[in-house]
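For reference, start07.cif is printed below; it contains mmCIF, C-alpha atoms and all ligand atoms.
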```
data_data
loop_
_atom_site.label_atom_id
_atom_site.label_comp_id
_atom_site.auth_asym_id
_atom_site.auth_seq_id
_atom_site.Cartn_x
_atom_site.Cartn_y
_atom_site.Cartn_z
CA MET A 1 0.00 0.00 0.00
CA GLY A 2 1.47 3.28 -1.03
CA ARG A 3 1.59 6.25 1.37
CA LEU A 4 -1.28 7.94 -0.39
CA SER A 5 -3.60 4.97 -0.10
CA THR A 6 -2.63 4.42 3.58
CA TRP A 7 -3.51 8.07 4.24
CA ALA A 8 -6.76 7.77 2.28
CA TYR A 9 -7.66 4.57 4.15
CA THR A 10 -6.97 6.13 7.59
CA PHE A 11 -8.88 9.29 6.70
CA GLY A 12 -11.81 7.23 5.37
CA THR A 13 -11.97 5.13 8.56
CA LEU A 14 -11.80 8.22 10.77
CA PHE A 15 -14.47 9.96 8.71
CA PHE A 16 -16.67 6.87 8.97
CA LEU A 17 -16.23 6.68 12.77
CA VAL A 18 -16.92 10.39 13.29
CA SER A 19 -20.05 10.19 11.08
CA CYS A 20 -21.26 7.17 13.04
CA SER A 21 -20.76 8.99 16.36
CA PHE A 22 -22.69 12.03 15.08
CA ALA A 23 -25.45 9.81 13.76
CA LEU A 24 -25.68 8.00 17.10
CA PHE A 25 -25.53 11.22 19.12
CA TYR A 26 -28.22 13.05 17.14
CA GLY A 27 -30.31 9.91 16.81
CA TYR A 28 -30.32 9.67 20.59
CA LYS A 29 -31.14 13.38 20.91
CA ILE A 30 -34.10 13.11 18.54
CA TYR A 31 -35.36 10.05 20.33
CA THR A 32 -35.21 11.62 23.77
CA HIS A 33 -36.29 15.14 22.71
CA LYS A 34 -39.60 16.42 24.14
CA LEU A 35 -41.79 18.88 22.31
CA PRO A 36 -43.02 21.73 24.53
CA ALA A 37 -46.61 20.44 24.30
CA GLU A 38 -45.51 16.97 25.31
CA LYS A 39 -43.61 18.46 28.21
CA ASN A 40 -46.81 20.18 29.44
CA THR A 41 -48.85 17.03 29.39
CA ASP A 42 -46.00 15.32 31.19
CA GLU A 43 -46.42 17.64 34.16
CA LYS A 44 -48.73 15.65 36.36
CA TYR A 45 -51.54 17.39 38.20
CA HIS A 46 -53.42 15.48 40.83
CA TYR A 47 -56.70 17.29 40.21
CA HIS A 48 -58.37 19.80 37.92
CA PHE A 49 -60.54 22.41 39.70
CA VAL A 50 -62.45 25.44 38.46
CA LEU A 51 -63.04 28.63 40.44
CA VAL A 52 -65.96 30.79 39.24
CA PRO A 53 -65.98 34.38 40.58
CA GLU A 54 -68.77 36.92 40.39
CA GLU A 55 -66.63 39.11 38.14
CA LEU A 56 -63.28 38.12 36.60
CA ASP A 57 -61.37 41.39 36.85
CA ASN A 58 -62.81 42.60 40.11
CA GLU A 59 -59.85 43.34 42.40
CA TYR A 60 -61.55 41.57 45.27
CA TRP A 61 -61.91 38.37 43.23
CA ARG A 62 -58.33 38.64 41.98
CA LEU A 63 -57.31 38.23 45.64
CA VAL A 64 -59.51 35.11 45.94
CA GLU A 65 -57.85 33.84 42.75
CA LYS A 66 -54.37 34.54 44.13
CA GLY A 67 -55.07 32.49 47.25
CA ALA A 68 -56.54 29.68 45.18
CA LYS A 69 -53.59 29.66 42.75
CA ASP A 70 -51.06 29.56 45.60
CA ALA A 71 -52.85 26.59 47.15
CA ALA A 72 -53.14 24.92 43.73
CA LYS A 73 -49.37 25.18 43.30
CA GLN A 74 -48.80 23.73 46.72
CA TYR A 75 -51.14 20.77 46.20
CA GLY A 76 -50.41 20.00 42.53
CA VAL A 77 -53.79 21.16 41.27
CA LEU A 78 -54.57 22.53 37.82
CA LEU A 79 -56.77 25.52 38.67
CA GLU A 80 -58.83 27.42 36.13
CA TYR A 81 -60.26 30.83 37.03
CA VAL A 82 -63.20 31.47 34.68
CA GLY A 83 -66.39 33.48 34.86
CA PRO A 84 -68.26 36.57 33.71
CA LYS A 85 -66.20 39.57 32.66
CA GLN A 86 -68.78 41.74 34.40
CA ALA A 87 -71.17 40.49 37.07
CA ASN A 88 -73.86 38.56 35.20
CA ILE A 89 -75.85 35.77 36.76
CA ASP A 90 -76.64 33.93 33.49
CA GLU A 91 -73.01 33.85 32.42
CA HIS A 92 -72.04 32.75 35.90
CA LEU A 93 -74.44 29.80 35.74
CA LYS A 94 -73.32 28.94 32.20
CA THR A 95 -69.70 28.81 33.35
CA ILE A 96 -70.59 26.34 36.09
CA GLU A 97 -72.51 24.21 33.55
CA MET A 98 -69.53 24.19 31.20
CA ALA A 99 -67.09 23.24 33.95
CA ALA A 100 -69.39 20.39 34.96
CA ALA A 101 -69.75 19.24 31.34
CA SER A 102 -65.98 19.01 31.00
CA LYS A 103 -65.95 16.74 34.05
CA VAL A 104 -63.54 18.65 36.24
CA ASP A 105 -62.70 17.22 39.66
CA GLY A 106 -64.26 20.04 41.64
CA ILE A 107 -65.97 23.43 41.30
CA MET A 108 -65.61 26.38 43.64
CA THR A 109 -68.12 29.14 43.07
CA GLN A 110 -70.01 31.97 44.66
CA GLY A 111 -73.47 30.71 45.65
CA LEU A 112 -75.07 33.95 44.60
CA SER A 113 -78.79 33.31 44.83
CA ASP A 114 -80.60 30.27 46.14
CA LYS A 115 -83.32 30.39 43.51
CA GLN A 116 -80.99 30.18 40.52
CA PHE A 117 -77.95 28.48 41.97
CA SER A 118 -79.42 25.68 44.07
CA PRO A 119 -80.99 23.62 41.23
CA LEU A 120 -77.76 23.78 39.21
CA ILE A 121 -75.46 23.04 42.15
CA ASP A 122 -77.69 20.10 43.10
CA ARG A 123 -77.50 18.69 39.57
CA VAL A 124 -73.70 19.06 39.43
CA VAL A 125 -73.25 17.39 42.82
CA ALA A 126 -75.67 14.59 41.85
CA ASN A 127 -73.43 13.95 38.82
CA GLY A 128 -70.47 13.34 41.11
CA ILE A 129 -68.70 16.71 40.92
CA PRO A 130 -68.27 18.31 44.36
CA VAL A 131 -69.12 22.00 44.72
CA ILE A 132 -67.76 24.30 47.40
CA THR A 133 -69.27 27.78 47.70
CA VAL A 134 -66.89 30.67 48.29
CA ASP A 135 -67.61 34.19 49.57
CA THR A 136 -71.39 33.71 49.28
CA ASP A 137 -73.20 30.60 50.40
CA SER A 138 -76.06 28.87 48.68
CA GLU A 139 -77.17 27.38 51.96
CA LYS A 140 -80.21 25.58 50.62
CA SER A 141 -78.28 23.71 47.95
CA ASN A 142 -76.42 20.41 48.26
CA ARG A 143 -73.04 22.14 48.05
CA ILE A 144 -70.50 20.19 50.05
CA ALA A 145 -69.13 23.13 52.01
CA TYR A 146 -68.94 26.92 52.25
CA ILE A 147 -65.88 29.05 52.97
CA GLY A 148 -66.17 32.81 53.43
CA THR A 149 -67.43 35.61 55.59
CA ASP A 150 -70.32 35.19 57.99
CA ASN A 151 -72.24 37.77 55.99
CA TYR A 152 -74.97 38.47 58.54
CA HIS A 153 -72.37 39.01 61.24
CA SER A 154 -70.31 41.29 58.98
CA GLY A 155 -73.34 43.53 58.37
CA TYR A 156 -74.01 43.52 62.11
CA LEU A 157 -70.41 44.65 62.74
CA ALA A 158 -70.90 47.53 60.29
CA GLY A 159 -74.07 48.63 62.13
CA LYS A 160 -72.27 48.54 65.48
CA ALA A 161 -69.37 50.55 64.01
CA LEU A 162 -71.81 53.22 62.80
CA ILE A 163 -73.29 53.45 66.31
CA HIS A 164 -69.83 53.62 67.86
CA ASP A 165 -68.46 56.26 65.47
CA THR A 166 -71.37 58.72 65.32
CA LYS A 167 -73.39 60.95 67.61
CA GLY A 168 -76.83 62.52 67.24
CA ASN A 169 -79.41 61.98 64.56
CA ILE A 170 -78.18 59.76 61.73
CA ASN A 171 -80.04 59.30 58.44
CA VAL A 172 -78.30 56.48 56.67
CA ALA A 173 -78.63 55.32 53.07
CA ILE A 174 -77.58 51.81 52.08
CA ILE A 175 -76.10 51.01 48.67
CA THR A 176 -75.92 47.27 48.17
CA GLY A 177 -74.36 45.17 45.38
CA ASN A 178 -77.57 43.38 44.39
CA PHE A 179 -80.99 42.97 45.91
CA TYR A 180 -81.07 39.26 44.98
CA ALA A 181 -77.61 38.16 46.17
CA ASN A 182 -77.58 36.03 49.31
CA HIS A 183 -74.59 37.70 50.92
CA GLN A 184 -75.79 41.24 50.20
CA ILE A 185 -79.19 40.41 51.70
CA GLN A 186 -77.49 39.01 54.82
CA ARG A 187 -75.23 42.05 55.20
CA VAL A 188 -78.18 44.45 55.03
CA LYS A 189 -80.13 42.26 57.44
CA GLY A 190 -77.29 42.18 59.98
CA PHE A 191 -76.86 45.94 59.70
CA ARG A 192 -80.58 46.58 60.23
CA GLU A 193 -80.58 44.31 63.25
CA ALA A 194 -77.59 46.11 64.80
CA VAL A 195 -79.12 49.59 64.52
CA LYS A 196 -82.71 48.52 65.19
CA LYS A 197 -82.82 49.62 68.80
CA GLU A 198 -80.86 52.81 68.28
CA LYS A 199 -83.54 55.50 68.13
CA ARG A 200 -81.23 58.14 66.62
CA ILE A 201 -80.41 56.02 63.55
CA HIS A 202 -82.86 55.91 60.64
CA ILE A 203 -82.42 53.99 57.40
CA VAL A 204 -83.91 56.32 54.80
CA ALA A 205 -83.07 54.61 51.49
CA THR A 206 -81.70 51.34 50.07
CA GLU A 207 -80.46 51.14 46.47
CA GLU A 208 -78.46 48.62 44.42
CA SER A 209 -75.24 49.24 42.49
CA GLN A 210 -75.16 46.01 40.46
CA ILE A 211 -71.50 45.58 41.47
CA SER A 212 -70.45 48.75 39.64
CA ARG A 213 -68.70 51.72 41.19
CA ILE A 214 -70.23 54.02 38.53
CA ARG A 215 -73.73 52.90 39.42
CA ALA A 216 -72.90 53.19 43.13
CA ALA A 217 -71.85 56.79 42.45
CA GLU A 218 -75.03 57.47 40.43
CA LYS A 219 -77.16 56.06 43.23
CA ALA A 220 -75.30 58.09 45.87
CA TYR A 221 -75.80 61.22 43.80
CA GLN A 222 -79.54 60.56 43.40
CA ILE A 223 -79.93 59.78 47.11
CA LEU A 224 -78.29 63.06 48.06
CA GLN A 225 -80.64 64.88 45.67
CA ASN A 226 -83.77 63.15 46.98
CA HIS A 227 -82.75 62.95 50.64
CA PRO A 228 -80.65 65.98 51.56
CA GLU A 229 -80.98 64.87 55.18
CA VAL A 230 -78.69 61.85 54.56
CA ASN A 231 -75.56 62.12 56.67
CA ALA A 232 -74.30 58.52 56.50
CA PHE A 233 -73.86 55.78 53.90
CA PHE A 234 -73.31 52.06 54.17
CA GLY A 235 -71.87 50.36 51.06
CA THR A 236 -72.24 46.59 51.25
CA SER A 237 -69.94 45.37 48.46
CA ALA A 238 -66.35 46.22 47.55
CA LEU A 239 -67.03 48.96 44.99
CA ASP A 240 -69.97 50.69 46.67
CA ALA A 241 -68.16 52.84 49.22
CA ILE A 242 -65.66 53.86 46.51
CA GLY A 243 -68.52 55.12 44.29
CA ILE A 244 -70.16 56.88 47.25
CA ALA A 245 -66.85 58.46 48.33
CA ASN A 246 -66.28 59.88 44.84
CA VAL A 247 -69.61 61.72 45.00
CA VAL A 248 -69.17 62.88 48.58
CA GLU A 249 -65.71 64.23 47.75
CA LEU A 250 -66.99 65.92 44.60
CA LYS A 251 -69.71 67.63 46.63
CA LYS A 252 -67.14 68.53 49.31
CA LYS A 253 -69.29 66.90 51.95
CA GLN A 254 -66.65 64.69 53.52
CA ASN A 255 -66.89 66.53 56.85
CA ASP A 256 -70.66 66.09 57.04
CA ILE A 257 -71.17 62.55 55.80
CA TYR A 258 -70.02 59.33 57.46
CA ILE A 259 -69.23 56.41 55.12
CA ILE A 260 -68.72 52.79 56.06
CA GLY A 261 -67.96 50.29 53.33
CA PHE A 262 -66.73 46.79 52.63
CA ASP A 263 -63.30 45.41 51.83
CA THR A 264 -59.82 46.81 51.72
CA LEU A 265 -59.19 47.55 48.06
CA PRO A 266 -56.41 50.11 47.45
CA GLU A 267 -58.91 52.88 46.57
CA THR A 268 -60.90 52.24 49.72
CA LEU A 269 -57.78 52.52 51.86
CA THR A 270 -56.77 55.71 50.10
CA PHE A 271 -60.20 57.21 50.84
CA ILE A 272 -59.87 56.13 54.47
CA ARG A 273 -56.49 57.80 54.68
CA LYS A 274 -58.00 60.97 53.19
CA GLY A 275 -60.83 60.87 55.74
CA VAL A 276 -63.61 60.44 53.16
CA ILE A 277 -64.43 56.85 54.17
CA GLN A 278 -64.40 56.40 57.95
CA ALA A 279 -64.49 52.61 58.27
CA THR A 280 -64.63 49.41 56.27
CA VAL A 281 -65.41 45.77 56.96
CA ALA A 282 -62.24 43.84 56.16
CA GLN A 283 -62.83 40.39 54.67
CA GLN A 284 -60.21 37.73 53.88
CA PRO A 285 -60.52 36.99 50.15
CA TYR A 286 -57.03 35.44 49.86
CA GLU A 287 -57.80 32.99 52.69
CA MET A 288 -61.13 32.11 51.06
CA GLY A 289 -59.40 31.18 47.80
CA TYR A 290 -56.57 29.29 49.48
CA GLY A 291 -58.88 27.48 51.87
CA SER A 292 -61.34 26.47 49.15
CA VAL A 293 -58.64 24.61 47.21
CA GLN A 294 -57.27 23.03 50.36
CA MET A 295 -60.75 21.84 51.36
CA MET A 296 -61.45 20.47 47.89
CA VAL A 297 -58.16 18.52 47.93
CA GLU A 298 -59.00 17.07 51.35
CA LEU A 299 -62.41 16.10 50.07
CA LYS A 300 -60.89 14.32 47.07
CA GLU A 301 -58.61 12.48 49.49
CA ARG A 302 -61.72 11.33 51.32
CA LYS A 303 -60.94 13.35 54.41
CA LYS A 304 -63.76 14.84 56.43
CA ILE A 305 -64.17 18.59 55.91
CA PRO A 306 -66.35 21.04 57.87
CA SER A 307 -69.48 22.13 56.03
CA VAL A 308 -68.99 25.79 56.98
CA VAL A 309 -65.71 27.67 57.44
CA HIS A 310 -66.10 31.33 58.36
CA THR A 311 -63.08 33.45 57.54
CA SER A 312 -62.55 36.42 59.82
CA THR A 313 -64.01 39.90 59.46
CA SER A 314 -63.12 43.05 61.33
CA ILE A 315 -63.70 46.78 61.22
CA MET A 316 -60.82 48.79 59.85
CA ARG A 317 -60.43 52.53 60.47
CA VAL A 318 -57.57 54.90 59.67
CA GLU A 319 -55.70 53.94 62.85
CA ASP A 320 -55.72 50.28 61.79
CA LEU A 321 -54.03 50.89 58.44
CA PRO A 322 -50.47 49.70 57.94
CA VAL A 323 -47.78 52.34 58.48
CA SER A 324 -47.26 52.73 54.69
CA HIS A 325 -50.75 54.21 54.42
CA LEU A 326 -50.03 56.75 57.11
CA SER A 327 -46.76 57.75 55.54
CA GLY A 328 -48.49 58.61 52.26
CA MET A 329 -47.54 55.59 50.17
CA GLU A 330 -50.20 54.58 47.68
CA GLU A 331 -51.61 51.13 48.16
CA GLY A 332 -50.91 48.36 45.70
CA GLN A 333 -47.46 49.71 44.77
C1 LIG A 401 -68.21 40.70 47.97
C2 LIG A 401 -68.08 40.00 46.65
C3 LIG A 401 -68.39 40.94 45.51
C4 LIG A 401 -67.51 42.16 45.60
C5 LIG A 401 -67.95 43.13 44.53
C6 LIG A 401 -67.36 41.94 48.00
O1 LIG A 401 -67.62 42.63 49.17
O2 LIG A 401 -67.85 39.87 49.03
O3 LIG A 401 -69.00 38.95 46.58
O4 LIG A 401 -68.22 40.31 44.28
O5 LIG A 401 -67.66 42.75 46.88
O6 LIG A 401 -67.09 44.14 44.30
#
```

Write out the structure in this file as structure tokens.
Amino acid sequence: MGRLSTWAYTFGTLFFLVSCSFALFYGYKIYTHKLPAEKNTDEKYHYHFVLVPEELDNEYWRLVEKGAKDAAKQYGVLLEYVGPKQANIDEHLKTIEMAAASKVDGIMTQGLSDKQFSPLIDRVVANGIPVITVDTDSEKSNRIAYIGTDNYHSGYLAGKALIHDTKGNINVAIITGNFYANHQIQRVKGFREAVKKEKRIHIVATEESQISRIRAAEKAYQILQNHPEVNAFFGTSALDAIGIANVVELKKKQNDIYIIGFDTLPETLTFIRKGVIQATVAQQPYEMGYGSVQMMVELKERKKIPSVVHTSTSIMRVEDLPVSHLSGMEEGQ
């Protein structure tokens, strides 16, 4: 073999070996490669739950969602947060129907009104999908459990706070989220009960905002036109006191009108700091969301869960705000 052919033979062998190694290496890579979609389905969730809020983008419900998502992460749950863009009872019911049709492992929802929600919840539960009500109970339904505020008690607390914080004759107007919603009815009932024996307190008007701060403002404006004697407001859902406060501030009546609202949304706290809203009933939306997932997981694991879990409520006034609010920092930053 001449030198040239020896060289050619060696080079050929080397080339063959290198090609084989590449072929083997890339062959192995292709075989073991996972497409992103495949990777997703590989991630194993133990359960698939759906949480249906009253209104998707409502800041209050975003806190419920956050709690639920944190618990879902902790327990290996695939959690979907779906519902009406704006409060709408038909869309709310349709969302529950759809979740049930897709055979999820559990549904957490507001139990807004007994009349419309109970028959549907009963059907879903009868088909083997557990339902836990959150924030608002549908007590007459076959829901497995409820987690949220004791709504009657929270309204009662608001009434007692009004008595505590005011003197003299008080003409109070109530602006409530909806006349038909279970929790709103309970809050108004508790409030009425608390002020019932207080001779100096008179409830002069009750209107509904349909879970909209604009409508709450419109109603507050109308009330002040029709009842100039009003010197206090009670807003029973998260956006009501904000709408009322906007009108009161616009009319420069913040020194004459007492406002008590619900929840601790950033705008509410800002109004409290400014002295336009005097007090608010603080609920625990994050805990409701977190607890609802935890309870549903326990239920799926055949553990016994309580049928009612009341998260805490308390009255918050300017002196109860975190230091950041007193030092002028805007909330939510
Ligand atoms: C209620 C929620 C409601 C929200 C509306 C809260 O006080 O608990 O049920 O959706 O207000 O903004």

Legend entry - Cut-off 9 Å, only C-alpha atoms and all ligand atoms, neighbours of ligand LIG 401 (chain A) as a ChimeraX atom specification: /A:53-55,58-61,87,110,112,134-136,148-149,151,177,181,183-184,210-213,236-240,261-263,281-283,285

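Among the candidates A:Leu265, A:Ala145, A:Leu120, A:Ile272, the residue lying nearest to Ser307 (chain A) is A:Ala145 (atoms considered: all atoms listed in the file).
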
Radius query 12 Å about (-67.8, 25.0, 35.8), atoms used: all atoms listed in the file, as a JSON list (two decimals) with C-alpha atoms, in the coordinates of the input:
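And here is the file that came out, selection-v2.json:
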```json
[["chain", "number", "residue", "atom", "x", "y", "z"],
["A", 48, "HIS", "CA", -58.37, 19.80, 37.92],
["A", 49, "PHE", "CA", -60.54, 22.41, 39.70],
["A", 50, "VAL", "CA", -62.45, 25.44, 38.46],
["A", 51, "LEU", "CA", -63.04, 28.63, 40.44],
["A", 52, "VAL", "CA", -65.96, 30.79, 39.24],
["A", 53, "PRO", "CA", -65.98, 34.38, 40.58],
["A", 79, "LEU", "CA", -56.77, 25.52, 38.67],
["A", 80, "GLU", "CA", -58.83, 27.42, 36.13],
["A", 81, "TYR", "CA", -60.26, 30.83, 37.03],
["A", 82, "VAL", "CA", -63.20, 31.47, 34.68],
["A", 83, "GLY", "CA", -66.39, 33.48, 34.86],
["A", 84, "PRO", "CA", -68.26, 36.57, 33.71],
["A", 91, "GLU", "CA", -73.01, 33.85, 32.42],
["A", 92, "HIS", "CA", -72.04, 32.75, 35.90],
["A", 93, "LEU", "CA", -74.44, 29.80, 35.74],
["A", 94, "LYS", "CA", -73.32, 28.94, 32.20],
["A", 95, "THR", "CA", -69.70, 28.81, 33.35],
["A", 96, "ILE", "CA", -70.59, 26.34, 36.09],
["A", 97, "GLU", "CA", -72.51, 24.21, 33.55],
["A", 98, "MET", "CA", -69.53, 24.19, 31.20],
["A", 99, "ALA", "CA", -67.09, 23.24, 33.95],
["A", 100, "ALA", "CA", -69.39, 20.39, 34.96],
["A", 101, "ALA", "CA", -69.75, 19.24, 31.34],
["A", 102, "SER", "CA", -65.98, 19.01, 31.00],
["A", 103, "LYS", "CA", -65.95, 16.74, 34.05],
["A", 104, "VAL", "CA", -63.54, 18.65, 36.24],
["A", 105, "ASP", "CA", -62.70, 17.22, 39.66],
["A", 106, "GLY", "CA", -64.26, 20.04, 41.64],
["A", 107, "ILE", "CA", -65.97, 23.43, 41.30],
["A", 108, "MET", "CA", -65.61, 26.38, 43.64],
["A", 109, "THR", "CA", -68.12, 29.14, 43.07],
["A", 110, "GLN", "CA", -70.01, 31.97, 44.66],
["A", 120, "LEU", "CA", -77.76, 23.78, 39.21],
["A", 121, "ILE", "CA", -75.46, 23.04, 42.15],
["A", 124, "VAL", "CA", -73.70, 19.06, 39.43],
["A", 125, "VAL", "CA", -73.25, 17.39, 42.82],
["A", 129, "ILE", "CA", -68.70, 16.71, 40.92],
["A", 130, "PRO", "CA", -68.27, 18.31, 44.36],
["A", 131, "VAL", "CA", -69.12, 22.00, 44.72],
["A", 132, "ILE", "CA", -67.76, 24.30, 47.40]]
```

Inset, instruction - Name all residues at most 8 Å from region 311-317 of chain A (count all atoms listed in the file; drop same-chain ones fewer than 2 positions away) and give them as a PyMOL selection string. - result: chain A and resi 147-150+154+157-158+161+272+278-284+287-288+309+319-321

Those residues you just picked out, can you put them in a file as a PDB file, keeping the file's coordinate frame with C-alpha atoms?
```
ATOM      1  CA  ILE A 147     -65.880  29.050  52.970  1.00  0.00           C
ATOM      2  CA  GLY A 148     -66.170  32.810  53.430  1.00  0.00           C
ATOM      3  CA  THR A 149     -67.430  35.610  55.590  1.00  0.00           C
ATOM      4  CA  ASP A 150     -70.320  35.190  57.990  1.00  0.00           C
ATOM      5  CA  SER A 154     -70.310  41.290  58.980  1.00  0.00           C
ATOM      6  CA  LEU A 157     -70.410  44.650  62.740  1.00  0.00           C
ATOM      7  CA  ALA A 158     -70.900  47.530  60.290  1.00  0.00           C
ATOM      8  CA  ALA A 161     -69.370  50.550  64.010  1.00  0.00           C
ATOM      9  CA  ILE A 272     -59.870  56.130  54.470  1.00  0.00           C
ATOM     10  CA  GLN A 278     -64.400  56.400  57.950  1.00  0.00           C
ATOM     11  CA  ALA A 279     -64.490  52.610  58.270  1.00  0.00           C
ATOM     12  CA  THR A 280     -64.630  49.410  56.270  1.00  0.00           C
ATOM     13  CA  VAL A 281     -65.410  45.770  56.960  1.00  0.00           C
ATOM     14  CA  ALA A 282     -62.240  43.840  56.160  1.00  0.00           C
ATOM     15  CA  GLN A 283     -62.830  40.390  54.670  1.00  0.00           C
ATOM     16  CA  GLN A 284     -60.210  37.730  53.880  1.00  0.00           C
ATOM     17  CA  GLU A 287     -57.800  32.990  52.690  1.00  0.00           C
ATOM     18  CA  MET A 288     -61.130  32.110  51.060  1.00  0.00           C
ATOM     19  CA  VAL A 309     -65.710  27.670  57.440  1.00  0.00           C
ATOM     20  CA  GLU A 319     -55.700  53.940  62.850  1.00  0.00           C
ATOM     21  CA  ASP A 320     -55.720  50.280  61.790  1.00  0.00           C
ATOM     22  CA  LEU A 321     -54.030  50.890  58.440  1.00  0.00           C
TER      23      LEU A 321
END
```

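The neighbours of Asp137 (chain A) here are the residues that come within 6 Å of it, using all atoms listed in the file and leaving out any residue fewer than 2 positions away in the same chain; they are Gly111, Thr133, Glu139 and Tyr146 of chain A.
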
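For region 193-198 of chain A, the set of protein, DNA and RNA residues having any atom at most 6 Å away, when counting all atoms listed in the file and skipping those fewer than 6 positions along the same chain, is Tyr156, Gly159 and Lys160 of chain A.
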
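CA of Asp256 (chain A) lies 11.7 Å from CA of Asn171 (chain A).
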